[in-house]
file my_file.csv (CSV, C-alpha atoms)
chain,number,residue,atom,x,y,z
A,222,LEU,CA,131.3,86.8,140.6
A,223,LEU,CA,128.9,86.1,137.8
A,224,ASN,CA,130.6,84.8,134.7
A,225,ILE,CA,129.2,86.2,131.5
A,226,ASN,CA,130.1,85.5,127.8
A,227,VAL,CA,128.8,88.1,125.4
A,228,GLY,CA,129.5,87.3,121.7
A,229,GLY,CA,132.7,85.4,122.6
A,230,LYS,CA,134.1,87.9,125.1
A,231,SER,CA,134.1,87.0,128.8
A,232,PHE,CA,133.1,89.4,131.6
A,233,GLN,CA,132.9,89.0,135.4
A,234,ILE,CA,130.6,91.1,137.5
A,235,ALA,CA,129.9,90.9,141.3
A,236,TYR,CA,126.5,89.6,142.4
A,237,LYS,CA,126.1,92.5,144.9
A,238,VAL,CA,126.7,95.0,142.1
A,239,LEU,CA,124.0,93.4,139.8
A,240,ALA,CA,121.6,93.2,142.7
A,241,GLN,CA,121.5,97.0,142.9
A,242,TYR,CA,119.6,97.0,139.5
A,243,PRO,CA,117.0,94.2,140.0
A,244,ILE,CA,114.8,95.2,137.0
A,245,THR,CA,117.7,94.7,134.5
A,246,ARG,CA,118.3,91.4,132.8
A,247,LEU,CA,121.6,90.7,134.6
A,248,GLY,CA,120.1,91.9,137.9
A,249,LYS,CA,117.4,89.3,137.5
A,250,LEU,CA,120.0,86.7,136.6
A,251,ALA,CA,121.9,87.5,139.8
A,252,LEU,CA,118.8,87.4,142.0
A,253,TYR,CA,116.9,84.4,140.6
A,254,THR,CA,117.5,81.1,142.4
A,255,ASP,CA,115.4,78.9,140.0
A,256,PRO,CA,117.8,77.5,137.3
A,257,VAL,CA,114.9,77.3,134.8
A,258,LYS,CA,114.2,81.1,135.1
A,259,LYS,CA,117.9,81.8,134.8
A,260,LEU,CA,118.2,79.8,131.5
A,261,GLN,CA,115.2,81.8,130.1
A,262,LEU,CA,117.2,85.0,130.5
A,263,CYS,CA,120.3,83.8,128.6
A,264,ASP,CA,120.9,82.0,125.3
A,265,ASP,CA,123.1,79.2,126.7
A,266,TYR,CA,124.8,78.0,129.8
A,267,LEU,CA,128.3,76.4,130.0
A,268,VAL,CA,128.3,74.0,132.9
A,269,GLN,CA,132.1,73.5,132.9
A,270,LYS,CA,132.9,77.2,133.3
A,271,ASN,CA,129.7,78.2,135.1
A,272,GLU,CA,129.3,80.8,132.4
A,273,TYR,CA,126.1,82.3,131.0
A,274,PHE,CA,126.3,83.0,127.2
A,275,PHE,CA,124.5,85.9,125.4
A,276,ASP,CA,124.5,86.1,121.6
A,277,ARG,CA,124.6,89.9,121.6
A,278,ASP,CA,127.0,92.7,120.4
A,279,PRO,CA,130.1,92.6,122.6
A,280,SER,CA,131.2,96.1,121.6
A,281,ILE,CA,128.1,97.7,123.0
A,282,PHE,CA,128.1,95.5,126.1
A,283,HIS,CA,131.3,97.3,127.1
A,284,TYR,CA,129.1,100.3,127.9
A,285,ILE,CA,126.7,98.0,129.8
A,286,PHE,CA,129.6,96.6,131.8
A,287,HIS,CA,130.8,100.1,132.6
A,288,PHE,CA,127.3,101.0,133.7
A,289,TYR,CA,127.2,98.3,136.3
A,290,CYS,CA,130.7,99.3,137.5
A,291,SER,CA,130.2,103.0,137.7
A,292,GLY,CA,126.4,103.5,137.7
A,293,VAL,CA,126.6,105.8,134.6
A,294,LEU,CA,125.7,104.8,131.1
A,295,TRP,CA,128.1,106.4,128.6
A,296,MET,CA,127.4,106.7,124.9
A,297,MET,CA,129.8,107.4,122.1
A,298,GLU,CA,128.8,109.7,119.3
A,299,GLU,CA,129.8,107.3,116.5
A,300,MET,CA,127.3,104.6,117.7
A,301,CYS,CA,124.2,103.8,115.7
A,302,PRO,CA,121.2,105.0,117.8
A,303,SER,CA,118.8,102.3,116.6
A,304,ASN,CA,121.3,99.5,117.4
A,305,PHE,CA,122.2,101.0,120.8
A,306,VAL,CA,118.5,101.4,121.8
A,307,GLU,CA,117.8,97.9,120.8
A,308,GLU,CA,120.7,96.6,122.9
A,309,ILE,CA,120.0,98.5,126.0
A,310,GLU,CA,116.3,97.5,125.8
A,311,TYR,CA,117.4,93.9,125.7
A,312,TRP,CA,119.6,94.3,128.8
A,313,GLY,CA,116.7,96.2,130.5
A,314,ILE,CA,118.6,99.5,131.0
A,315,HIS,CA,116.9,102.8,130.6
A,316,LEU,CA,118.4,106.0,129.0
A,317,LYS,CA,117.8,107.9,132.3
A,318,TYR,CA,121.0,106.4,133.7
A,319,SER,CA,123.1,108.3,131.1
A,320,GLN,CA,124.5,111.8,131.6
A,321,ARG,CA,122.2,114.6,130.5
A,322,CYS,CA,124.8,115.9,127.9
A,323,CYS,CA,125.1,112.5,126.3
A,324,ARG,CA,121.4,111.9,126.4
A,325,ILE,CA,120.6,115.2,124.6
A,326,LEU,CA,123.2,114.5,121.8
A,327,PHE,CA,121.9,110.9,121.5
A,328,GLU,CA,118.3,112.0,121.2
A,329,GLU,CA,119.2,114.6,118.6
A,330,LYS,CA,121.0,112.0,116.6
A,331,GLN,CA,118.1,109.6,117.0
A,332,ASP,CA,115.7,112.2,115.7
A,333,GLU,CA,117.9,113.0,112.8
A,334,LEU,CA,118.1,109.3,111.9
A,335,ASN,CA,114.3,108.9,112.2
A,336,GLU,CA,113.7,111.9,110.0
A,337,TYR,CA,116.2,110.6,107.5
A,338,LEU,CA,114.5,107.2,107.3
A,339,LYS,CA,111.1,108.9,107.1
A,340,ILE,CA,112.2,111.0,104.1
A,341,GLU,CA,113.8,108.0,102.4
A,342,LYS,CA,110.6,106.1,102.7
A,343,GLU,CA,108.6,109.0,101.3
A,344,LEU,CA,111.1,109.3,98.4
A,345,GLU,CA,110.6,105.7,97.6
A,346,ALA,CA,106.8,106.2,97.7
A,347,GLU,CA,107.1,109.2,95.4
A,348,LEU,CA,108.5,107.1,92.6
A,349,GLU,CA,106.6,104.0,93.4
A,350,PRO,CA,103.5,103.7,91.1
A,351,LEU,CA,100.1,103.3,92.7
A,352,GLU,CA,99.6,100.0,90.8
A,353,SER,CA,102.0,97.2,89.9
A,354,GLY,CA,101.9,94.7,87.1
A,355,ALA,CA,101.3,91.8,89.5
A,356,GLN,CA,97.9,93.3,90.6
A,357,PHE,CA,96.3,92.4,87.3
A,358,ASP,CA,97.0,88.7,87.6
A,359,GLY,CA,93.7,86.7,87.7
A,360,LYS,CA,91.5,89.8,87.0
A,361,PHE,CA,89.1,90.5,84.2
A,362,LEU,CA,91.1,91.3,81.0
A,363,GLY,CA,94.2,91.2,83.2
A,364,GLN,CA,96.8,90.9,80.4
A,365,PHE,CA,95.2,93.7,78.3
A,366,ARG,CA,94.9,96.0,81.3
A,367,LYS,CA,98.5,95.2,82.3
A,368,MET,CA,99.6,96.1,78.7
A,369,VAL,CA,97.7,99.4,78.9
A,370,TRP,CA,99.1,100.1,82.3
A,371,ASN,CA,102.7,99.7,81.1
A,372,LEU,CA,102.0,101.9,78.1
A,373,ILE,CA,100.6,104.8,80.2
A,374,GLU,CA,102.3,104.5,83.5
A,375,ASN,CA,105.7,102.9,82.8
A,376,PRO,CA,107.5,104.9,80.1
A,377,TYR,CA,110.7,102.8,80.4
A,378,SER,CA,108.8,99.6,79.6
A,379,SER,CA,108.8,99.9,75.8
A,380,VAL,CA,109.4,102.4,73.0
A,381,PRO,CA,105.6,103.1,72.5
A,382,ALA,CA,105.3,103.9,76.2
A,383,LYS,CA,108.1,106.4,75.9
A,384,ILE,CA,106.5,107.9,72.9
A,385,ILE,CA,103.2,108.3,74.7
A,386,ALA,CA,105.0,110.0,77.7
A,387,VAL,CA,106.7,112.4,75.3
A,388,MET,CA,103.4,113.1,73.5
A,389,SER,CA,101.7,113.8,76.8
A,390,SER,CA,104.3,116.5,77.6
A,391,PHE,CA,104.1,117.8,74.0
A,392,PHE,CA,100.3,118.2,74.1
A,393,VAL,CA,100.4,120.0,77.5
A,394,LEU,CA,102.8,122.6,76.0
A,395,ILE,CA,100.7,122.9,72.8
A,396,SER,CA,97.6,123.4,75.0
A,397,ILE,CA,99.3,126.1,77.1
A,398,VAL,CA,100.6,127.9,73.9
A,399,GLY,CA,97.2,127.7,72.4
A,400,MET,CA,95.5,129.2,75.4
A,401,THR,CA,98.1,132.0,75.5
A,402,LEU,CA,97.7,132.8,71.8
A,403,SER,CA,93.9,132.9,72.1
A,404,THR,CA,94.3,136.1,74.2
A,405,VAL,CA,96.4,137.9,71.5
A,406,GLU,CA,94.3,140.5,69.6
A,407,GLU,CA,95.6,139.5,66.2
A,408,MET,CA,94.4,135.9,66.8
A,409,LYS,CA,90.8,136.9,67.7
A,410,ASN,CA,89.7,136.9,64.1
A,411,LYS,CA,87.6,134.1,62.6
A,412,THR,CA,90.5,132.2,61.2
A,413,GLY,CA,92.5,132.4,64.4
A,414,LYS,CA,89.6,131.3,66.5
A,415,LEU,CA,89.0,128.3,64.2
A,416,TRP,CA,92.6,127.3,64.5
A,417,MET,CA,92.6,127.7,68.3
A,418,GLU,CA,89.3,125.7,68.6
A,419,GLN,CA,90.7,122.8,66.5
A,420,MET,CA,94.0,122.8,68.5
A,421,GLU,CA,92.0,122.7,71.7
A,422,MET,CA,89.8,119.9,70.5
A,423,ILE,CA,92.8,117.8,69.5
A,424,CYS,CA,94.5,118.3,72.9
A,425,ALA,CA,91.2,117.6,74.7
A,426,ILE,CA,90.8,114.3,72.8
A,427,PHE,CA,94.3,113.2,73.6
A,428,PHE,CA,93.9,114.1,77.3
A,429,THR,CA,90.6,112.3,77.5
A,430,SER,CA,92.0,109.2,75.8
A,431,GLU,CA,94.9,109.3,78.3
A,432,TYR,CA,92.6,109.6,81.2
A,433,LEU,CA,90.4,106.7,80.1
A,434,MET,CA,93.4,104.5,79.5
A,435,ARG,CA,94.5,105.2,83.1
A,436,LEU,CA,91.0,104.5,84.3
A,437,ILE,CA,90.8,101.2,82.4
A,438,SER,CA,94.2,100.0,83.6
A,439,SER,CA,93.5,100.9,87.3
A,440,SER,CA,93.0,97.9,89.6
A,441,SER,CA,91.1,99.9,92.2
A,442,PHE,CA,88.7,102.6,91.2
A,443,LYS,CA,88.8,104.2,94.7
A,444,ASN,CA,92.6,104.5,94.7
A,445,PHE,CA,92.4,105.9,91.2
A,446,LEU,CA,90.1,108.7,92.3
A,447,ARG,CA,92.3,109.5,95.4
A,448,ALA,CA,95.5,109.9,93.4
A,449,ALA,CA,96.6,113.5,93.0
A,450,PHE,CA,97.9,113.2,89.4
A,451,ASN,CA,94.6,111.6,88.3
A,452,ALA,CA,92.7,114.6,89.8
A,453,ILE,CA,95.0,116.9,87.9
A,454,ASP,CA,94.2,115.0,84.7
A,455,LEU,CA,90.5,115.3,85.3
A,456,VAL,CA,90.8,119.1,86.0
A,457,ALA,CA,92.7,119.4,82.7
A,458,ILE,CA,89.9,117.9,80.5
A,459,LEU,CA,86.8,119.1,82.3
A,460,PRO,CA,86.9,122.8,81.1
A,461,PHE,CA,86.7,121.7,77.5
A,462,TYR,CA,83.5,119.7,78.0
A,463,ILE,CA,81.9,122.3,80.4
A,464,GLN,CA,82.6,125.0,77.8
A,465,ILE,CA,80.8,122.9,75.1
A,466,LEU,CA,77.9,122.4,77.5
A,467,PHE,CA,77.6,126.1,78.2
A,468,GLU,CA,77.8,126.9,74.5
A,469,ASN,CA,75.0,124.5,73.7
A,470,LEU,CA,72.9,126.2,76.4
A,471,GLU,CA,73.6,129.4,74.6
A,472,ASP,CA,72.5,128.0,71.3
A,473,GLY,CA,69.2,126.8,72.8
A,474,ASP,CA,68.1,130.3,73.5
A,475,THR,CA,68.9,132.6,70.5
A,476,GLN,CA,67.4,135.7,72.2
A,477,TYR,CA,69.6,135.2,75.2
A,478,HIS,CA,72.5,134.5,73.0
A,479,GLU,CA,72.2,137.8,71.3
A,480,GLU,CA,71.8,139.5,74.7
A,481,LEU,CA,74.9,137.7,75.9
A,482,HIS,CA,77.0,139.2,73.1
A,483,LYS,CA,75.8,142.7,74.0
A,484,VAL,CA,76.8,142.5,77.7
A,485,GLU,CA,79.5,139.8,77.4
A,486,ASN,CA,81.8,141.4,79.9
A,487,VAL,CA,79.2,141.8,82.7
A,488,SER,CA,77.0,138.7,82.2
A,489,LYS,CA,77.2,135.9,84.7
A,490,LEU,CA,77.5,133.3,82.0
A,491,GLY,CA,80.4,135.1,80.3
A,492,LYS,CA,82.3,135.3,83.6
A,493,VAL,CA,81.7,131.6,84.2
A,494,LEU,CA,83.0,130.8,80.7
A,495,LYS,CA,86.1,132.9,81.3
A,496,LEU,CA,86.7,131.2,84.6
A,497,ILE,CA,86.3,127.7,83.0
A,498,LYS,CA,88.7,128.6,80.2
A,499,LEU,CA,91.2,129.9,82.8
A,500,MET,CA,91.1,126.4,84.5
A,501,ARG,CA,93.0,125.1,81.5
A,502,ILE,CA,96.2,126.6,83.0
A,503,PHE,CA,96.2,123.7,85.4
A,504,ARG,CA,97.2,121.4,82.5
A,505,ILE,CA,100.8,122.5,83.1
A,506,LEU,CA,100.7,120.5,86.3
A,507,LYS,CA,100.5,117.4,84.2
A,508,LEU,CA,104.2,118.0,83.4
A,509,ALA,CA,105.0,116.9,87.0
A,510,ARG,CA,104.1,113.4,86.1
A,511,HIS,CA,107.1,113.2,83.8
A,512,SER,CA,109.4,115.8,85.4
A,513,THR,CA,111.7,114.8,88.2
A,514,GLY,CA,112.5,118.5,89.0
A,515,LEU,CA,108.8,119.4,89.5
A,516,ARG,CA,108.3,116.3,91.7
A,517,ALA,CA,111.4,117.2,93.7
A,518,PHE,CA,110.1,120.8,94.1
A,519,SER,CA,106.7,119.5,95.3
A,520,PHE,CA,108.4,117.1,97.7
A,521,THR,CA,110.6,119.9,99.1
A,522,MET,CA,107.5,122.1,99.7
A,523,ARG,CA,105.8,119.3,101.6
A,524,GLN,CA,108.9,118.5,103.7
A,525,CYS,CA,109.6,122.2,104.5
A,526,TYR,CA,106.0,123.4,105.1
A,527,GLN,CA,106.9,124.3,108.7
A,528,GLN,CA,109.7,126.6,107.5
A,529,VAL,CA,107.5,128.1,104.8
A,530,CYS,CA,104.7,128.7,107.3
A,531,CYS,CA,107.2,130.4,109.7
A,532,LEU,CA,108.4,132.6,106.8
A,533,LEU,CA,104.8,133.6,106.0
A,534,LEU,CA,104.2,134.4,109.7
A,535,PHE,CA,107.3,136.6,109.8
A,536,ILE,CA,106.2,138.4,106.7
A,537,ALA,CA,102.7,139.0,108.1
A,538,MET,CA,104.3,140.3,111.4
A,539,GLY,CA,106.6,142.6,109.4
A,540,VAL,CA,103.7,143.9,107.2
A,541,PHE,CA,101.5,144.8,110.2
A,542,THR,CA,104.4,146.3,112.3
A,543,PHE,CA,105.9,148.5,109.6
A,544,SER,CA,102.5,149.5,108.1
A,545,ALA,CA,101.5,150.8,111.6
A,546,LEU,CA,104.8,152.6,112.0
A,547,ILE,CA,104.7,154.3,108.6
A,548,HIS,CA,101.1,155.4,109.2
A,549,SER,CA,101.9,156.9,112.6
A,550,VAL,CA,104.7,159.1,111.1
A,551,GLU,CA,103.1,159.9,107.7
A,552,HIS,CA,99.4,160.3,108.3
A,553,ASP,CA,99.7,164.1,109.0
A,554,VAL,CA,101.5,164.8,105.7
A,555,PRO,CA,99.2,166.6,103.2
A,556,GLY,CA,98.3,164.4,100.2
A,557,THR,CA,99.9,161.3,101.8
A,558,ASP,CA,98.9,157.8,100.6
A,559,PHE,CA,99.2,156.4,104.1
A,560,THR,CA,95.7,157.5,105.2
A,561,SER,CA,95.2,154.3,107.2
A,562,ILE,CA,97.1,151.2,108.3
A,563,PRO,CA,95.3,148.9,105.7
A,564,TYR,CA,96.3,151.3,102.9
A,565,ALA,CA,99.9,151.0,104.2
A,566,TRP,CA,99.9,147.1,103.9
A,567,TRP,CA,100.7,147.2,100.2
A,568,TRP,CA,103.7,149.5,100.8
A,569,ALA,CA,105.0,147.3,103.6
A,570,ALA,CA,104.6,144.1,101.6
A,571,VAL,CA,106.4,145.5,98.6
A,572,SER,CA,109.2,146.9,100.7
A,573,LEU,CA,109.6,143.6,102.6
A,574,SER,CA,109.9,141.7,99.4
A,575,THR,CA,112.5,144.3,98.2
A,576,VAL,CA,110.6,144.7,95.0
A,577,GLY,CA,110.0,148.5,95.5
A,578,TYR,CA,107.5,149.6,92.9
A,579,GLY,CA,107.8,153.2,94.1
A,580,ASP,CA,104.0,153.9,93.7
A,581,THR,CA,103.8,154.8,97.4
A,582,VAL,CA,106.8,156.4,99.1
A,583,PRO,CA,107.3,158.2,102.5
A,584,ASP,CA,107.9,162.0,102.5
A,585,THR,CA,109.3,162.6,106.0
A,586,ILE,CA,112.7,161.7,107.4
A,587,LEU,CA,111.1,159.5,110.0
A,588,GLY,CA,109.1,157.7,107.3
A,589,ARG,CA,112.2,157.1,105.2
A,590,LEU,CA,114.0,155.7,108.4
A,591,VAL,CA,111.1,153.3,108.9
A,592,ALA,CA,111.3,152.3,105.2
A,593,PHE,CA,115.0,151.7,105.6
A,594,PHE,CA,114.4,149.3,108.6
A,595,CYS,CA,111.6,147.7,106.7
A,596,ILE,CA,113.8,147.0,103.7
A,597,SER,CA,116.7,145.8,105.9
A,598,PHE,CA,114.3,143.4,107.7
A,599,GLY,CA,113.0,142.1,104.3
A,600,ILE,CA,116.6,141.4,103.1
A,601,ILE,CA,117.4,139.4,106.2
A,602,LEU,CA,114.0,137.6,106.1
A,603,ASN,CA,114.3,136.6,102.5
A,604,GLY,CA,117.8,135.4,102.9
A,605,MET,CA,117.0,133.0,105.8
A,606,PRO,CA,115.1,130.2,104.1
A,607,ILE,CA,116.8,130.2,100.7
A,608,SER,CA,119.8,128.1,101.7
A,609,ILE,CA,117.6,125.6,103.6
A,610,LEU,CA,115.1,125.2,100.7
A,611,TYR,CA,117.8,125.1,98.1
A,612,ASN,CA,119.9,122.5,99.9
A,613,LYS,CA,117.0,120.3,100.5
A,614,PHE,CA,115.7,120.7,97.0
A,615,SER,CA,119.1,119.8,95.5
A,616,ASP,CA,119.4,116.8,97.8
A,617,TYR,CA,115.9,115.5,97.1
A,618,TYR,CA,116.3,116.0,93.3
A,619,ALA,CA,119.6,114.1,93.3
A,620,LYS,CA,118.0,111.2,95.3
A,621,LEU,CA,114.9,111.1,93.1
A,622,LYS,CA,117.0,111.1,90.0
A,623,ALA,CA,119.3,108.4,91.3
A,624,ARG,CA,116.4,106.2,92.3
A,625,GLU,CA,114.7,106.8,88.9
A,626,MET,CA,117.8,105.8,87.0
A,627,SER,CA,118.3,102.7,89.1
A,628,GLN,CA,114.7,101.7,88.5

call {"tool": "encode", "arguments": {"input": "my_file.csv", "output": "structure tokens"}}
result
Amino acid sequence: LLNINVGGKSFQIAYKVLAQYPITRLGKLALYTDPVKKLQLCDDYLVQKNEYFFDRDPSIFHYIFHFYCSGVLWMMEEMCPSNFVEEIEYWGIHLKYSQRCCRILFEEKQDELNEYLKIEKELEAELEPLESGAQFDGKFLGQFRKMVWNLIENPYSSVPAKIIAVMSSFFVLISIVGMTLSTVEEMKNKTGKLWMEQMEMICAIFFTSEYLMRLISSSSFKNFLRAAFNAIDLVAILPFYIQILFENLEDGDTQYHEELHKVENVSKLGKVLKLIKLMRIFRILKLARHSTGLRAFSFTMRQCYQQVCCLLLFIAMGVFTFSALIHSVEHDVPGTDFTSIPYAWWWAAVSLSTVGYGDTVPDTILGRLVAFFCISFGIILNGMPISILYNKFSDYYAKLKAREMSQ
């Protein structure tokens, strides 16, 4: 018998049993005749007891001992997968020796643990700033840039930093309100336009100052350009300056300027200006910098992109299927709106979403039966991902909030 001591507990295993598994650690220990090689396989050797000592977990070695006795590797559900894999790799035993039912459950638990650790790591990265105060040590104007960085990136560092964070959210809301009011007919007079222009100018100046402060306090220009929030900040201020540039181009050519006012709705320049003004709506994304809820929602969408893609695939399949069915039973009805399958796509999409505008409705009994199945399928389809997305969102939001408060 081979005498083994694992973490203070003694075991005895027959040499002929260990020899059946020559690639395992204990199998090699039983087969080797060179004492030096044997000592390389264990942590210590007690001469008085002729006992090999291993500084490993004795609770898991019980499963290893049972494996040598029975030839089957058993696994308990409450065991930590990472610890168990580490132990059996040390002893040189493969998972293939376990029963298929145990191996399936173990691999599922291992995948769940890996996914959990991956999400925890990404949650930490979500709150971790791209820069840190230590990165400015020894650099040009390091102390000044560190002070600016704390003001603009770390709202909990001081009262002025918190005020700047509140002002940033306030100016975003003011900018969105101003853009909304500029489309109101009563605000299109000369006085209203003047107020809107002044409000837009103040917001643009603040956003520009905020962007320049972030640029100055960045330790790496490349990382600054690659950051998603900094790209949003740039998109938020570019429309103002592009609009000024286009307006100056208009002033340079008076004749074309007059012509532009005559055909404002159809001119290419007018359409470009409208598109540029519309880009200001992206300023609302700046709120995500200071909103845990928006960051949790974005994180949930990134983690659940597979489920969302499956949902979109099912919707597309439903639209194509039910639009083809409704066209086949309604196309012979006089005055029908289902003249072709592409024309029936809108009806199928509206019915699947259970919105039901009623602008296009079937007239025949078969058509209404198809509509009933379409609506029923839409109810089932819309109910499937809601619980998954909501549970994950609430979980991620709680974790982000807890980590934010702890920081």

call {"tool": "atom_distance", "arguments": {"input": "my_file.csv", "atom1": "CA of Ser512 (chain A)", "atom2": "CA of Phe445 (chain A)"}}
result
20.5 Å

call {"tool": "residues_near_point", "arguments": {"input": "my_file.csv", "point": "(114.4, 129.2, 107.7)", "cutoff": "8 Å", "atoms": "all atoms listed in the file", "output": "list of chain:residue names"}}
result
A:Gln528, A:Val529, A:Cys531, A:Leu532, A:Met605, A:Pro606, A:Ile607, A:Ile609

call {"tool": "residues_around", "arguments": {"input": "my_file.csv", "residues": "region 538-549 of chain A", "least_positions_apart": "3", "cutoff": "8 Å", "atoms": "only C-alpha atoms", "output": "PyMOL selection string"}}
result
chain A and resi 534-535+552+559-563+565-566+568-570+573+583+588+591-592+595+598

call {"tool": "atom_distance", "arguments": {"input": "my_file.csv", "atom1": "CA of Met522 (chain A)", "atom2": "CA of Phe614 (chain A)"}}
result
8.7 Å

call {"tool": "residues_around", "arguments": {"input": "my_file.csv", "residues": "Arg501 (chain A)", "least_positions_apart": "2", "cutoff": "9 Å", "atoms": "only C-alpha atoms", "output": "short mmCIF file (atom, residue, chain, number, x, y, z; two decimals) with C-alpha atoms, keeping the file's coordinate frame"}}
result
data_model
loop_
_atom_site.label_atom_id
_atom_site.label_comp_id
_atom_site.auth_asym_id
_atom_site.auth_seq_id
_atom_site.Cartn_x
_atom_site.Cartn_y
_atom_site.Cartn_z
CA SER A 396 97.60 123.40 75.00
CA ILE A 397 99.30 126.10 77.10
CA MET A 400 95.50 129.20 75.40
CA VAL A 456 90.80 119.10 86.00
CA ALA A 457 92.70 119.40 82.70
CA ILE A 458 89.90 117.90 80.50
CA LEU A 459 86.80 119.10 82.30
CA PRO A 460 86.90 122.80 81.10
CA PHE A 461 86.70 121.70 77.50
CA ILE A 497 86.30 127.70 83.00
CA LYS A 498 88.70 128.60 80.20
CA LEU A 499 91.20 129.90 82.80
CA PHE A 503 96.20 123.70 85.40
CA ARG A 504 97.20 121.40 82.50
CA ILE A 505 100.80 122.50 83.10
#

call {"tool": "atom_distance", "arguments": {"input": "my_file.csv", "atom1": "CA of Gly556 (chain A)", "atom2": "CA of Val571 (chain A)"}}
result
20.6 Å

call {"tool": "closest_residue", "arguments": {"input": "my_file.csv", "among": "A:Gln524, A:Asp454, A:Gly292, A:Lys237", "to": "Thr429 (chain A)", "atoms": "all atoms listed in the file"}}
result
A:Asp454

call {"tool": "residues_around", "arguments": {"input": "my_file.csv", "residues": "His315 (chain A)", "least_positions_apart": "6", "cutoff": "12 Å", "atoms": "only C-alpha atoms", "output": "PDB file with C-alpha atoms, in the frame of the given file"}}
result
ATOM      1  CA  TYR A 242     119.600  97.000 139.500  1.00  0.00           C
ATOM      2  CA  ILE A 244     114.800  95.200 137.000  1.00  0.00           C
ATOM      3  CA  THR A 245     117.700  94.700 134.500  1.00  0.00           C
ATOM      4  CA  ARG A 246     118.300  91.400 132.800  1.00  0.00           C
ATOM      5  CA  ILE A 285     126.700  98.000 129.800  1.00  0.00           C
ATOM      6  CA  PHE A 288     127.300 101.000 133.700  1.00  0.00           C
ATOM      7  CA  GLY A 292     126.400 103.500 137.700  1.00  0.00           C
ATOM      8  CA  VAL A 293     126.600 105.800 134.600  1.00  0.00           C
ATOM      9  CA  LEU A 294     125.700 104.800 131.100  1.00  0.00           C
ATOM     10  CA  TRP A 295     128.100 106.400 128.600  1.00  0.00           C
ATOM     11  CA  PHE A 305     122.200 101.000 120.800  1.00  0.00           C
ATOM     12  CA  VAL A 306     118.500 101.400 121.800  1.00  0.00           C
ATOM     13  CA  GLU A 307     117.800  97.900 120.800  1.00  0.00           C
ATOM     14  CA  GLU A 308     120.700  96.600 122.900  1.00  0.00           C
ATOM     15  CA  ILE A 309     120.000  98.500 126.000  1.00  0.00           C
ATOM     16  CA  ARG A 324     121.400 111.900 126.400  1.00  0.00           C
TER      17      ARG A 324
END

call {"tool": "residues_around", "arguments": {"input": "my_file.csv", "residues": "region 238-240 of chain A", "least_positions_apart": "2", "cutoff": "7 Å", "atoms": "all atoms listed in the file", "output": "list in words"}}
result
Ala235, Tyr236, Tyr242, Pro243, Leu247, Gly248, Ala251, Leu252 and Tyr289 of chain A

call {"tool": "residues_near_point", "arguments": {"input": "my_file.csv", "point": "(112.2, 107.5, 99.9)", "cutoff": "12 Å", "atoms": "only C-alpha atoms", "output": "ChimeraX atom specification"}}
result
/A:336-349,517,520,616-625

call {"tool": "closest_residue", "arguments": {"input": "my_file.csv", "among": "A:Ser430, A:Ser280, A:Ser597, A:Thr412", "to": "Val227 (chain A)", "atoms": "only C-alpha atoms"}}
result
A:Ser280

call {"tool": "residues_around", "arguments": {"input": "my_file.csv", "residues": "Ser574 (chain A)", "least_positions_apart": "4", "cutoff": "9 Å", "atoms": "all atoms listed in the file", "output": "PyMOL selection string"}}
result
chain A and resi 536+569-570+596+599-600+602-603

call {"tool": "build_atoms", "arguments": {"input": "my_file.csv", "residues": "region 597-606 of chain A", "atoms": "N, CA and C atoms", "output": "compact mmCIF listing (two decimals), in the frame of the given file"}}
result
# COMPACT_ATOMS: atom_id res chain seq x y z
N SER A 597 115.59 146.56 105.26
CA SER A 597 116.70 145.80 105.90
C SER A 597 116.09 144.47 106.47
N PHE A 598 114.96 144.58 107.14
CA PHE A 598 114.30 143.40 107.70
C PHE A 598 113.90 142.42 106.59
N GLY A 599 113.42 142.97 105.48
CA GLY A 599 113.00 142.10 104.30
C GLY A 599 114.19 141.38 103.74
N ILE A 600 115.36 142.05 103.64
CA ILE A 600 116.60 141.40 103.10
C ILE A 600 116.98 140.22 103.98
N ILE A 601 117.00 140.47 105.30
CA ILE A 601 117.40 139.40 106.20
C ILE A 601 116.35 138.26 106.18
N LEU A 602 115.07 138.63 106.13
CA LEU A 602 114.00 137.60 106.10
C LEU A 602 114.03 136.78 104.88
N ASN A 603 114.25 137.41 103.74
CA ASN A 603 114.30 136.60 102.50
C ASN A 603 115.50 135.76 102.36
N GLY A 604 116.58 136.15 103.03
CA GLY A 604 117.80 135.40 102.90
C GLY A 604 117.82 134.15 103.83
N MET A 605 116.95 134.13 104.85
CA MET A 605 117.00 133.00 105.80
C MET A 605 116.63 131.68 105.23
N PRO A 606 115.49 131.52 104.55
CA PRO A 606 115.10 130.20 104.10
C PRO A 606 115.67 129.70 102.80
